[in-house]
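What follows is input06.txt (compact mmCIF, C-alpha atoms).
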```txt
# COMPACT_ATOMS: atom_id res chain seq x y z
CA MET P 1 -69.62 -61.47 -77.26
CA VAL P 2 -66.50 -60.38 -75.41
CA GLU P 3 -64.43 -62.36 -72.91
CA VAL P 4 -64.94 -61.24 -69.32
CA TYR P 5 -62.37 -61.29 -66.50
CA TYR P 6 -62.98 -60.80 -62.77
CA SER P 7 -60.82 -59.29 -60.04
CA PRO P 8 -60.44 -61.89 -57.23
CA PHE P 9 -59.72 -59.09 -54.74
CA LEU P 10 -62.99 -57.28 -55.53
CA ILE P 11 -64.96 -60.52 -55.50
CA ALA P 12 -63.70 -61.18 -51.94
CA ALA P 13 -64.52 -57.60 -50.93
CA SER P 14 -68.06 -57.92 -52.27
CA VAL P 15 -68.67 -61.13 -50.30
CA LEU P 16 -67.38 -59.57 -47.06
CA VAL P 17 -69.64 -56.54 -47.54
CA ALA P 18 -72.65 -58.83 -48.02
CA ILE P 19 -71.87 -60.82 -44.84
CA MET P 20 -71.30 -57.65 -42.81
CA ALA P 21 -74.59 -56.15 -44.01
CA ALA P 22 -76.46 -59.37 -43.20
CA PHE P 23 -74.96 -59.54 -39.70
CA THR P 24 -75.83 -55.89 -39.03
CA CYS P 25 -79.42 -56.48 -40.12
CA LEU P 26 -79.90 -59.62 -38.02
CA ARG P 27 -78.18 -58.10 -34.99
CA LEU P 28 -80.27 -54.92 -35.15
CA THR P 29 -83.47 -56.96 -35.19
CA ASN P 30 -82.51 -59.12 -32.19
CA GLY P 31 -84.89 -58.66 -29.24
CA LEU P 32 -87.25 -56.27 -31.05
CA ARG P 33 -90.35 -57.82 -29.54
CA ASN P 34 -89.32 -56.37 -26.19
CA LEU P 35 -89.20 -52.79 -27.52
CA PRO P 36 -92.08 -50.33 -27.96
CA ILE P 37 -93.62 -50.28 -31.44
CA SER P 38 -92.19 -46.84 -32.29
CA ARG P 39 -88.61 -47.93 -31.50
CA ARG P 40 -89.20 -51.26 -33.19
CA LYS P 41 -90.07 -49.45 -36.42
CA VAL P 42 -86.93 -47.33 -36.21
CA ARG P 43 -84.76 -50.41 -35.71
CA ILE P 44 -86.41 -52.23 -38.63
CA ALA P 45 -85.83 -49.17 -40.84
CA GLN P 46 -82.15 -49.19 -39.87
CA ALA P 47 -81.90 -52.93 -40.53
CA SER P 48 -83.59 -52.51 -43.93
CA VAL P 49 -81.15 -49.78 -44.95
CA ALA P 50 -78.21 -51.87 -43.71
CA LEU P 51 -79.29 -55.02 -45.57
CA GLY P 52 -80.70 -53.36 -48.68
CA GLY P 53 -77.75 -50.99 -48.91
CA GLY P 54 -75.37 -53.90 -48.33
CA ILE P 55 -77.00 -55.92 -51.12
CA TRP P 56 -76.64 -52.96 -53.48
CA SER P 57 -73.02 -52.34 -52.39
CA MET P 58 -72.20 -56.01 -52.97
CA HIS P 59 -73.71 -55.79 -56.46
CA PHE P 60 -71.88 -52.54 -57.25
CA ILE P 61 -68.51 -53.93 -56.11
CA GLY P 62 -69.23 -57.15 -57.99
CA MET P 63 -69.84 -55.16 -61.18
CA LEU P 64 -66.61 -53.22 -60.66
CA ALA P 65 -64.87 -56.60 -60.42
CA VAL P 66 -65.83 -57.26 -64.06
CA ARG P 67 -63.06 -56.48 -66.54
CA LEU P 68 -64.42 -55.50 -69.99
CA PRO P 69 -62.29 -54.32 -72.94
CA PHE P 70 -64.30 -51.10 -73.14
CA VAL P 71 -65.64 -48.49 -70.69
CA VAL P 72 -69.28 -48.68 -69.65
CA SER P 73 -71.41 -46.24 -67.68
CA TYR P 74 -74.56 -46.63 -65.59
CA ASP P 75 -77.90 -44.82 -65.70
CA PRO P 76 -78.18 -42.92 -62.38
CA LEU P 77 -81.97 -43.30 -62.06
CA LEU P 78 -81.97 -47.07 -62.57
CA THR P 79 -78.96 -47.44 -60.29
CA LEU P 80 -80.77 -45.53 -57.52
CA SER P 81 -83.95 -47.52 -58.18
CA SER P 82 -82.08 -50.81 -57.71
CA ALA P 83 -80.92 -49.70 -54.25
CA LEU P 84 -84.41 -48.53 -53.23
CA ILE P 85 -85.94 -51.79 -54.43
CA ALA P 86 -83.56 -53.79 -52.24
CA ILE P 87 -84.29 -51.64 -49.17
CA LEU P 88 -88.07 -51.67 -49.66
CA ILE P 89 -88.52 -55.39 -50.31
CA THR P 90 -86.17 -56.53 -47.54
CA GLY P 91 -87.92 -54.09 -45.20
CA CYS P 92 -91.26 -55.73 -45.97
CA GLY P 93 -89.72 -59.11 -45.17
CA LEU P 94 -88.45 -57.86 -41.81
CA LEU P 95 -91.81 -56.33 -40.93
CA LEU P 96 -93.45 -59.73 -41.39
CA LEU P 97 -91.07 -61.27 -38.85
CA HIS P 98 -91.42 -58.60 -36.18
CA PHE P 99 -95.12 -57.72 -36.21
CA GLY P 100 -97.49 -60.56 -35.48
CA GLU P 101 -96.80 -64.16 -34.47
CA ARG P 102 -93.58 -65.50 -35.95
CA THR P 103 -94.30 -68.82 -37.65
CA ASN P 104 -92.46 -71.04 -40.12
CA LEU P 105 -94.79 -69.73 -42.84
CA ARG P 106 -93.81 -66.14 -42.04
CA ILE P 107 -90.13 -67.08 -42.09
CA LEU P 108 -90.68 -68.70 -45.51
CA ILE P 109 -92.46 -65.61 -46.86
CA SER P 110 -89.83 -63.27 -45.40
CA GLY P 111 -86.99 -65.33 -46.90
CA SER P 112 -88.78 -65.41 -50.25
CA LEU P 113 -89.29 -61.64 -50.20
CA THR P 114 -85.62 -61.11 -49.35
CA GLY P 115 -84.59 -63.43 -52.18
CA ILE P 116 -86.88 -61.65 -54.63
CA GLY P 117 -85.47 -58.31 -53.44
CA ILE P 118 -81.91 -59.49 -54.10
CA ALA P 119 -82.79 -60.75 -57.60
CA SER P 120 -84.85 -57.64 -58.45
CA MET P 121 -82.03 -55.35 -57.34
CA HIS P 122 -79.53 -57.29 -59.44
CA TYR P 123 -81.42 -57.22 -62.71
CA THR P 124 -82.52 -53.60 -62.23
CA GLY P 125 -78.88 -52.69 -61.66
CA MET P 126 -77.88 -54.64 -64.77
CA ALA P 127 -80.47 -52.70 -66.78
CA ALA P 128 -78.64 -49.51 -65.81
CA ILE P 129 -75.60 -50.45 -67.92
CA SER P 130 -75.01 -47.97 -70.77
CA ALA P 131 -76.16 -48.60 -74.36
CA ASN P 132 -72.54 -49.17 -75.48
CA CYS P 133 -72.75 -52.62 -73.90
CA ILE P 134 -75.33 -55.18 -75.01
CA VAL P 135 -76.24 -57.49 -72.12
CA THR P 136 -78.05 -60.78 -72.72
CA TYR P 137 -79.18 -63.42 -70.21
CA LYS P 138 -79.63 -67.16 -70.45
CA PRO P 139 -83.22 -67.90 -69.32
CA TRP P 140 -82.24 -70.89 -67.19
CA GLY P 141 -79.54 -68.72 -65.61
CA ILE P 142 -82.21 -66.24 -64.45
CA VAL P 143 -84.28 -69.07 -62.99
CA LEU P 144 -81.23 -70.58 -61.27
CA SER P 145 -80.16 -67.28 -59.71
CA VAL P 146 -83.68 -66.54 -58.40
CA VAL P 147 -84.04 -70.05 -56.94
CA ILE P 148 -80.63 -69.76 -55.24
CA SER P 149 -81.57 -66.36 -53.86
CA ILE P 150 -84.94 -67.44 -52.42
CA ALA P 151 -83.78 -70.82 -51.07
CA ALA P 152 -80.60 -69.51 -49.43
CA SER P 153 -82.34 -66.40 -48.01
CA THR P 154 -85.09 -68.56 -46.48
CA LEU P 155 -82.48 -70.89 -44.95
CA ALA P 156 -80.61 -67.89 -43.54
CA MET P 157 -83.79 -66.44 -42.00
CA TRP P 158 -84.70 -69.80 -40.47
CA LEU P 159 -81.21 -70.22 -39.00
CA ALA P 160 -81.21 -66.70 -37.54
CA TYR P 161 -84.80 -66.60 -36.26
CA SER P 162 -85.49 -70.14 -35.07
CA ASN P 163 -83.25 -69.49 -32.06
CA ARG P 164 -82.03 -65.91 -31.60
CA SER P 165 -78.64 -66.71 -30.07
CA LEU P 166 -75.49 -64.84 -31.12
CA LEU P 167 -74.04 -67.98 -32.71
CA ARG P 168 -77.18 -68.59 -34.79
CA THR P 169 -77.19 -64.91 -35.78
CA VAL P 170 -73.60 -65.19 -37.02
CA ILE P 171 -74.34 -68.41 -38.92
CA GLY P 172 -77.47 -66.89 -40.44
CA ALA P 173 -75.52 -63.78 -41.46
CA VAL P 174 -72.84 -65.84 -43.18
CA VAL P 175 -75.45 -67.92 -45.02
CA LEU P 176 -77.40 -64.80 -46.05
CA GLY P 177 -74.24 -62.98 -47.16
CA LEU P 178 -73.14 -66.00 -49.19
CA SER P 179 -76.62 -66.32 -50.70
CA ILE P 180 -76.49 -62.69 -51.87
CA SER P 181 -73.08 -63.31 -53.42
CA ALA P 182 -74.05 -66.69 -54.89
CA MET P 183 -77.10 -65.18 -56.57
CA HIS P 184 -75.04 -62.36 -58.08
CA TYR P 185 -72.23 -64.49 -59.45
CA ALA P 186 -74.55 -67.29 -60.62
CA ALA P 187 -76.42 -64.64 -62.60
CA MET P 188 -73.17 -63.15 -63.94
CA ILE P 189 -71.85 -66.53 -65.13
CA ASN P 190 -74.99 -66.83 -67.25
CA THR P 191 -74.79 -63.28 -68.60
CA THR P 192 -72.99 -62.33 -71.80
CA PHE P 193 -71.60 -58.92 -72.74
CA ALA P 194 -71.06 -57.57 -76.24
CA GLN P 195 -69.96 -54.22 -77.61
CA ALA P 196 -72.70 -52.29 -79.42
CA ALA P 197 -72.28 -51.69 -83.16
CA ASP P 198 -72.92 -47.95 -82.75
CA PHE P 199 -70.28 -47.65 -80.03
CA VAL P 200 -69.79 -44.19 -78.52
CA ALA P 201 -66.50 -43.51 -76.76
CA GLU P 202 -66.96 -42.94 -73.04
CA PRO P 203 -64.56 -40.78 -71.01
CA ILE P 204 -62.19 -42.74 -68.79
CA PRO P 205 -63.45 -42.62 -65.18
CA ALA P 206 -61.55 -40.31 -62.86
CA LEU P 207 -61.37 -43.04 -60.21
CA ASP P 208 -59.82 -46.42 -60.80
CA PRO P 209 -62.46 -49.19 -60.34
CA GLN P 210 -60.46 -50.77 -57.50
CA VAL P 211 -60.21 -47.45 -55.65
CA LEU P 212 -63.95 -46.88 -56.13
CA ALA P 213 -64.74 -50.42 -54.93
CA ILE P 214 -62.59 -49.98 -51.82
CA SER P 215 -64.35 -46.67 -51.10
CA VAL P 216 -67.78 -48.31 -51.39
CA SER P 217 -66.65 -51.21 -49.19
CA LEU P 218 -65.33 -48.91 -46.47
CA SER P 219 -68.50 -46.81 -46.63
CA ALA P 220 -70.66 -49.92 -46.22
CA PHE P 221 -68.60 -51.10 -43.21
CA VAL P 222 -68.73 -47.64 -41.60
CA ILE P 223 -72.51 -47.38 -42.04
CA CYS P 224 -73.06 -50.89 -40.64
CA GLY P 225 -70.75 -50.12 -37.73
CA LEU P 226 -72.60 -46.91 -36.92
CA PHE P 227 -75.94 -48.70 -36.97
CA LEU P 228 -74.61 -51.34 -34.57
CA LEU P 229 -73.22 -48.66 -32.25
CA LEU P 230 -76.50 -46.73 -32.34
CA ALA P 231 -78.30 -49.89 -31.31
CA VAL P 232 -76.30 -50.22 -28.08
CA PRO P 233 -77.77 -47.19 -26.25
CA MET P 234 -81.26 -48.26 -27.34
CA GLU P 235 -80.81 -51.69 -25.79
CA GLU P 236 -79.36 -50.17 -22.64
CA THR P 237 -82.29 -47.77 -22.43
CA ALA P 238 -84.63 -50.71 -22.68
CA GLU P 239 -82.93 -52.18 -19.65
CA GLU P 240 -82.70 -49.03 -17.58
CA PRO P 241 -85.62 -47.24 -15.97
CA HIS P 242 -86.11 -43.66 -17.11
CA PRO P 243 -86.93 -41.95 -13.79
CA ALA P 244 -83.87 -40.98 -11.78
CA PRO P 245 -83.68 -42.56 -8.33
CA GLU P 246 -85.05 -40.38 -5.56
CA ALA P 247 -82.92 -39.68 -2.52
CA ALA P 248 -84.17 -41.30 0.66
CA PRO P 249 -85.62 -38.82 3.20
CA ALA P 250 -83.30 -37.82 6.04
CA THR P 251 -84.91 -39.59 8.96
CA ASP P 252 -83.91 -41.97 11.71
CA ALA P 253 -86.99 -44.11 11.08
CA PRO P 254 -86.30 -47.55 9.61
CA ALA P 255 -86.55 -47.72 5.85
CA THR P 256 -89.77 -49.16 4.42
CA ASN P 257 -89.81 -52.26 2.31
CA LYS P 258 -90.36 -50.08 -0.77
CA GLN P 259 -87.28 -48.02 0.04
CA LYS P 260 -85.18 -51.14 0.60
CA ILE P 261 -86.17 -52.67 -2.73
CA LYS P 262 -85.82 -49.53 -4.84
CA ALA P 263 -82.02 -49.26 -4.99
CA PRO P 264 -81.37 -52.93 -5.81
CA SER P 265 -84.05 -52.86 -8.55
CA LEU P 266 -82.34 -49.92 -10.25
CA ALA P 267 -78.98 -51.65 -9.98
CA LEU P 268 -80.51 -54.81 -11.36
CA SER P 269 -81.63 -53.01 -14.50
CA ARG P 270 -78.03 -51.95 -15.10
CA ALA P 271 -76.22 -55.15 -14.15
CA GLY P 272 -78.84 -57.87 -14.51
CA ASN P 273 -76.90 -60.19 -12.21
CA MET P 274 -77.62 -59.08 -8.63
CA ALA P 275 -79.19 -61.28 -6.01
CA GLN P 276 -82.99 -61.37 -6.12
CA PRO P 277 -84.27 -58.48 -3.94
CA VAL P 278 -87.74 -59.97 -3.33
CA LYS P 279 -88.16 -63.61 -2.33
CA ASN P 280 -89.93 -65.78 -4.92
CA SER P 281 -90.25 -62.84 -7.31
CA ILE P 282 -88.88 -62.30 -10.80
CA PRO P 283 -87.97 -58.91 -12.32
CA TYR P 284 -89.65 -57.51 -15.41
CA GLU P 285 -89.64 -54.18 -17.21
CA LYS P 286 -92.67 -52.06 -17.96
CA GLU P 287 -93.01 -48.39 -18.94
CA GLY P 288 -89.34 -47.69 -18.31
CA THR P 289 -89.24 -49.15 -14.79
CA VAL P 290 -88.06 -52.42 -13.29
CA ARG P 291 -90.71 -54.18 -11.21
CA PHE P 292 -91.04 -57.54 -9.49
CA MET P 293 -93.72 -60.18 -10.00
CA ASN P 294 -94.65 -63.01 -7.67
CA ALA P 295 -93.71 -66.23 -9.43
CA ASP P 296 -97.13 -67.74 -8.64
CA ARG P 297 -98.75 -65.37 -11.18
CA ILE P 298 -96.47 -66.41 -14.02
CA LEU P 299 -97.77 -68.93 -16.55
CA THR P 300 -94.66 -69.50 -18.66
CA ILE P 301 -91.20 -68.07 -19.16
CA GLU P 302 -89.80 -68.22 -22.70
CA SER P 303 -86.17 -67.81 -23.69
CA ASP P 304 -85.41 -64.94 -26.09
CA GLY P 305 -81.66 -64.91 -26.67
CA HIS P 306 -79.89 -63.72 -23.51
CA TYR P 307 -83.19 -62.52 -22.00
CA THR P 308 -86.62 -64.03 -21.35
CA LYS P 309 -90.28 -63.24 -21.86
CA ILE P 310 -92.73 -63.63 -18.96
CA ARG P 311 -96.30 -64.62 -19.86
CA THR P 312 -99.24 -64.03 -17.53
CA ASP P 313 -102.98 -64.20 -18.22
CA GLU P 314 -102.86 -60.48 -19.04
CA ASP P 315 -99.42 -59.61 -20.45
CA ALA P 316 -96.23 -60.67 -22.19
CA LEU P 317 -93.37 -58.89 -20.37
CA PHE P 318 -89.63 -58.51 -20.88
CA CYS P 319 -87.39 -60.03 -18.19
CA PRO P 320 -83.67 -59.06 -18.05
CA TRP P 321 -82.66 -62.47 -16.68
CA SER P 322 -81.69 -65.49 -18.76
CA LEU P 323 -83.77 -68.65 -18.59
CA SER P 324 -81.08 -70.50 -16.62
CA LYS P 325 -80.88 -67.65 -14.08
CA VAL P 326 -84.64 -67.70 -13.57
CA GLU P 327 -84.56 -71.47 -13.13
CA LYS P 328 -81.76 -71.31 -10.52
CA SER P 329 -83.49 -68.52 -8.57
CA GLN P 330 -86.66 -70.53 -7.90
CA PRO P 331 -87.45 -73.59 -5.77
CA ALA P 332 -87.16 -76.93 -7.57
CA ASN P 333 -90.91 -77.45 -8.12
CA ARG P 334 -91.84 -73.86 -8.89
CA PHE P 335 -91.33 -74.24 -12.65
CA LEU P 336 -90.99 -77.25 -14.89
CA LYS P 337 -88.72 -77.09 -17.93
CA THR P 338 -90.86 -78.61 -20.70
CA HIS P 339 -88.52 -77.56 -23.51
CA ARG P 340 -85.07 -76.01 -23.83
CA ARG P 341 -86.78 -72.63 -24.40
CA TYR P 342 -89.69 -72.88 -21.94
CA LEU P 343 -90.34 -72.97 -18.20
CA VAL P 344 -93.96 -73.69 -17.24
CA ASN P 345 -95.73 -73.14 -13.92
CA PRO P 346 -97.38 -76.57 -13.29
CA ALA P 347 -100.15 -74.93 -11.25
CA HIS P 348 -101.47 -73.26 -14.41
CA ILE P 349 -101.41 -76.26 -16.75
CA LYS P 350 -104.98 -76.91 -17.97
CA GLY P 351 -104.46 -79.84 -20.32
CA LEU P 352 -102.25 -81.87 -22.64
CA LYS P 353 -102.47 -82.43 -26.39
CA LYS P 354 -100.52 -84.75 -28.67
CA VAL P 355 -100.09 -83.94 -32.36
CA GLY P 356 -98.26 -86.79 -34.05
CA ASP P 357 -95.11 -87.33 -31.99
CA GLN P 358 -95.20 -83.81 -30.50
CA LEU P 359 -96.74 -83.20 -27.07
CA PHE P 360 -98.11 -79.79 -26.03
CA CYS P 361 -99.47 -78.48 -22.74
CA TYR P 362 -102.13 -75.80 -22.40
CA VAL P 363 -101.49 -73.08 -19.85
CA GLY P 364 -103.58 -70.19 -18.54
CA LYS P 365 -107.24 -69.21 -18.33
CA ALA P 366 -108.04 -66.10 -20.38
CA THR P 367 -106.11 -67.20 -23.46
CA GLU P 368 -104.66 -70.68 -23.33
CA LEU P 369 -100.99 -70.84 -24.32
CA GLU P 370 -99.81 -73.86 -26.26
CA VAL P 371 -96.32 -74.80 -25.02
CA PRO P 372 -94.25 -77.57 -26.65
CA VAL P 373 -93.00 -80.44 -24.52
CA SER P 374 -89.82 -82.18 -25.63
CA ARG P 375 -89.66 -85.99 -25.62
CA ALA P 376 -87.05 -85.95 -22.86
CA ARG P 377 -89.35 -83.87 -20.62
CA ALA P 378 -92.67 -85.56 -21.40
CA LYS P 379 -92.29 -88.32 -18.81
CA ASP P 380 -91.48 -85.83 -16.00
CA LEU P 381 -94.51 -83.74 -16.92
CA ARG P 382 -96.87 -86.73 -17.02
CA ASN P 383 -95.57 -87.97 -13.66
CA LEU P 384 -96.05 -84.54 -12.13
CA LEU P 385 -99.62 -84.30 -13.42
CA GLY P 386 -100.39 -87.95 -12.61
CA VAL P 387 -101.44 -88.88 -16.15
```
Translate this file's structure into structure tokens.
Amino acid sequence: MVEVYYSPFLIAASVLVAIMAAFTCLRLTNGLRNLPISRRKVRIAQASVALGGGIWSMHFIGMLAVRLPFVVSYDPLLTLSSALIAILITGCGLLLLHFGERTNLRILISGSLTGIGIASMHYTGMAAISANCIVTYKPWGIVLSVVISIAASTLAMWLAYSNRSLLRTVIGAVVLGLSISAMHYAAMINTTFAQAADFVAEPIPALDPQVLAISVSLSAFVICGLFLLLAVPMEETAEEPHPAPEAAPATDAPATNKQKIKAPSLALSRAGNMAQPVKNSIPYEKEGTVRFMNADRILTIESDGHYTKIRTDEDALFCPWSLSKVEKSQPANRFLKTHRRYLVNPAHIKGLKKVGDQLFCYVGKATELEVPVSRARAKDLRNLLGV
């Protein structure tokens, strides 16, 4: 067994790369439920490459931080396999969160898959070390690193996905980045290195390990930055209607209601903060256009980050307004805030249900929606319904 030293500078670089990759992944997946399935898949693929590639980059920089008294090399096929494993498994975890109903069980499974992907990538990458170096692992160290990876990844997913605000995304990214790093270095502490008896001299690498690590770090930051920049036009497209506005006909006749509404609706899709062009209506986006719905048809409005989701008996639609903006735009009794994330139209409430200490209200006809009611709001709801 040989004594191992670590470069503090490269350890710090590896942790920053992991946090940046985690933030890029979580930011790319924000608001995906409002995008068409084809674009959702593209965004998830980008997020998987960002996170999986970031995990691999963190591992690679972390290995370059190790100072051994002899030169080691890495098997190219196993090294590539470790990167692909990380991308594939984390991609499966992201798919679970963005296709189908997002539940605590799905968050747990996604976090577990991400943790398993991190651990699998690490030990596959370790297996790529050349035969000159004999690597052995303490069994309890393997168990510890896997438990850290799964537990911390699940916590990070729960923090990021329980409430998709920017602050929670940042916190989740930091926790996920630290979990990736913690798993790696916990595993390394419980790994021993020894020089093989039949040692074969390896040529000295052309690049200094620190130079190579800096190059990998910069590459990871550039790739993550490009993915984030590419996401901006996609989000703007989701908020802007595709058809170009038609010029109004040259006539002295008064403009129709349709003509009056058209220009503000287009401007609304770009700015999102104009006065409401139709009384008692709320904007939503469908098939690349901004339309307006009478508030009486709406069952519930759910907060989704800076935007909201409108639920009717037939559809779930993206609204470019925030929950607070919707609430301010409507008369006092139009909607009731049953929870910090929900507004409910009292006219569509069909019943109440109590599970333990949690109260729920049922809304709608075709498919009843189960909406949580916070303790602070329960009394107002019961008074309104007379129960």
Report as a PDB file with C-alpha atoms, in the coordinates of the input all protein, DNA and RNA residues lying within 6 Å of range 130-140 of chain P, evaluated on all atoms listed in the file, omitting residues in the same chain fewer than 5 positions from it.
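Okay, this is what ended up in selection.pdb:
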```pdb
ATOM      1  CA  VAL P  72     -69.280 -48.680 -69.650  1.00  0.00           C
ATOM      2  CA  SER P  73     -71.410 -46.240 -67.680  1.00  0.00           C
ATOM      3  CA  TYR P  74     -74.560 -46.630 -65.590  1.00  0.00           C
ATOM      4  CA  ASN P 190     -74.990 -66.830 -67.250  1.00  0.00           C
ATOM      5  CA  THR P 191     -74.790 -63.280 -68.600  1.00  0.00           C
ATOM      6  CA  THR P 192     -72.990 -62.330 -71.800  1.00  0.00           C
ATOM      7  CA  PHE P 193     -71.600 -58.920 -72.740  1.00  0.00           C
ATOM      8  CA  ALA P 194     -71.060 -57.570 -76.240  1.00  0.00           C
ATOM      9  CA  GLN P 195     -69.960 -54.220 -77.610  1.00  0.00           C
ATOM     10  CA  ALA P 196     -72.700 -52.290 -79.420  1.00  0.00           C
ATOM     11  CA  PHE P 199     -70.280 -47.650 -80.030  1.00  0.00           C
TER      12      PHE P 199
END
```
Which is closest to Tyr284 in chain P among P:Gly111, P:Gly54, P:Pro36, P:Pro320, if we use only C-alpha atoms? P:Pro320
Would you mind telling me which residue in P:Ala127, P:Ser179, P:Leu95, P:Ile107 lies nearest to Met157 in chain P when using only C-alpha atoms? P:Ile107
Taking into account all atoms listed in the file, which residue in the set P:Met58, P:Leu108, P:Ala347, P:Leu94 is nearest to Leu218 in chain P?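 Residue with the minimum atom-to-atom distance to Leu218 in chain P: P:Met58.
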One decimal, in Å: what's the spacing between CA of Glu370 in chain P and CA of Ile301 in chain P?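 Between CA of Glu370 in chain P and CA of Ile301 in chain P the gap is 12.6 Å.
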Residue with smallest distance to Leu32 in chain P - pool P:Thr154, P:Arg106, P:Pro8, P:Tyr161, counting all atoms listed in the file: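 Smallest separation from Leu32 in chain P among the options: P:Tyr161.
Coordinates place CA of Trp158 in chain P at a distance of 28.9 Å from CA of Gly364 in chain P.
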Range 49-109 of chain P residues near range 182-185 of chain P within 10 Å, closest pair each, using all atoms listed in the file, as JSON lines:
```
{"residue": "P:Ile55", "atom": "CA", "partner": "P:His184", "partner_atom": "CA", "distance": 9.7}
{"residue": "P:Met58", "atom": "CA", "partner": "P:His184", "partner_atom": "CA", "distance": 8.6}
{"residue": "P:His59", "atom": "CA", "partner": "P:His184", "partner_atom": "CA", "distance": 6.9}
{"residue": "P:Gly62", "atom": "CA", "partner": "P:His184", "partner_atom": "CA", "distance": 7.8}
{"residue": "P:Met63", "atom": "CA", "partner": "P:His184", "partner_atom": "CA", "distance": 9.4}
```
Å distance separating CA of Leu166 in chain P from CA of Gly52 in chain P, one decimal place: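 Going from CA of Leu166 in chain P over to CA of Gly52 in chain P, I get 21.6 Å.
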Could you give me, as an mmCIF file with C-alpha atoms, in the frame of the given file, the residues that have an atom at most 6 Å away from the point (-89.9, -57.9, -14.4) in the coordinates of the file, using all atoms listed in the file?
```
data_model
loop_
_atom_site.group_PDB
_atom_site.id
_atom_site.type_symbol
_atom_site.label_atom_id
_atom_site.label_comp_id
_atom_site.auth_asym_id
_atom_site.auth_seq_id
_atom_site.Cartn_x
_atom_site.Cartn_y
_atom_site.Cartn_z
ATOM 1 C CA ILE P 282 -88.880 -62.300 -10.800
ATOM 2 C CA PRO P 283 -87.970 -58.910 -12.320
ATOM 3 C CA TYR P 284 -89.650 -57.510 -15.410
ATOM 4 C CA GLU P 285 -89.640 -54.180 -17.210
ATOM 5 C CA VAL P 290 -88.060 -52.420 -13.290
ATOM 6 C CA ARG P 291 -90.710 -54.180 -11.210
ATOM 7 C CA PHE P 292 -91.040 -57.540 -9.490
ATOM 8 C CA CYS P 319 -87.390 -60.030 -18.190
#
```
As number ranges by chain, please: the residues near range 358-362 of chain P (cut-off 12 Å, all atoms listed in the file, same-chain neighbours under 4 positions excluded). P: 299-300, 336-339, 342-354, 366-379, 381-382, 385
Restore N, CA and C atoms in range 318-330 of chain P and list the result as a CSV table (one decimal), keeping the file's coordinate frame.
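Ended up saving to part.csv:
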```
chain,number,residue,atom,x,y,z
P,318,PHE,N,-91.1,-58.3,-20.7
P,318,PHE,CA,-89.6,-58.5,-20.9
P,318,PHE,C,-89.0,-58.7,-19.5
P,319,CYS,N,-88.1,-59.8,-19.4
P,319,CYS,CA,-87.4,-60.0,-18.2
P,319,CYS,C,-85.9,-60.0,-18.5
P,320,PRO,N,-85.1,-59.2,-17.7
P,320,PRO,CA,-83.7,-59.1,-18.0
P,320,PRO,C,-82.8,-60.3,-17.7
P,321,TRP,N,-83.4,-61.3,-17.1
P,321,TRP,CA,-82.7,-62.5,-16.7
P,321,TRP,C,-82.7,-63.5,-17.8
P,322,SER,N,-81.7,-64.4,-17.8
P,322,SER,CA,-81.7,-65.5,-18.8
P,322,SER,C,-82.6,-66.6,-18.2
P,323,LEU,N,-82.9,-67.6,-19.0
P,323,LEU,CA,-83.8,-68.6,-18.6
P,323,LEU,C,-83.1,-69.5,-17.5
P,324,SER,N,-81.8,-69.7,-17.6
P,324,SER,CA,-81.1,-70.5,-16.6
P,324,SER,C,-81.0,-69.8,-15.3
P,325,LYS,N,-80.9,-68.4,-15.3
P,325,LYS,CA,-80.9,-67.6,-14.1
P,325,LYS,C,-82.2,-67.7,-13.4
P,326,VAL,N,-83.3,-67.6,-14.2
P,326,VAL,CA,-84.6,-67.7,-13.6
P,326,VAL,C,-84.8,-69.1,-12.9
P,327,GLU,N,-84.4,-70.1,-13.6
P,327,GLU,CA,-84.6,-71.5,-13.1
P,327,GLU,C,-83.8,-71.7,-11.8
P,328,LYS,N,-82.6,-71.2,-11.7
P,328,LYS,CA,-81.8,-71.3,-10.5
P,328,LYS,C,-82.3,-70.5,-9.4
P,329,SER,N,-83.0,-69.4,-9.6
P,329,SER,CA,-83.5,-68.5,-8.6
P,329,SER,C,-84.7,-69.0,-7.9
P,330,GLN,N,-85.4,-70.1,-8.4
P,330,GLN,CA,-86.7,-70.5,-7.9
P,330,GLN,C,-86.5,-71.9,-7.3
```
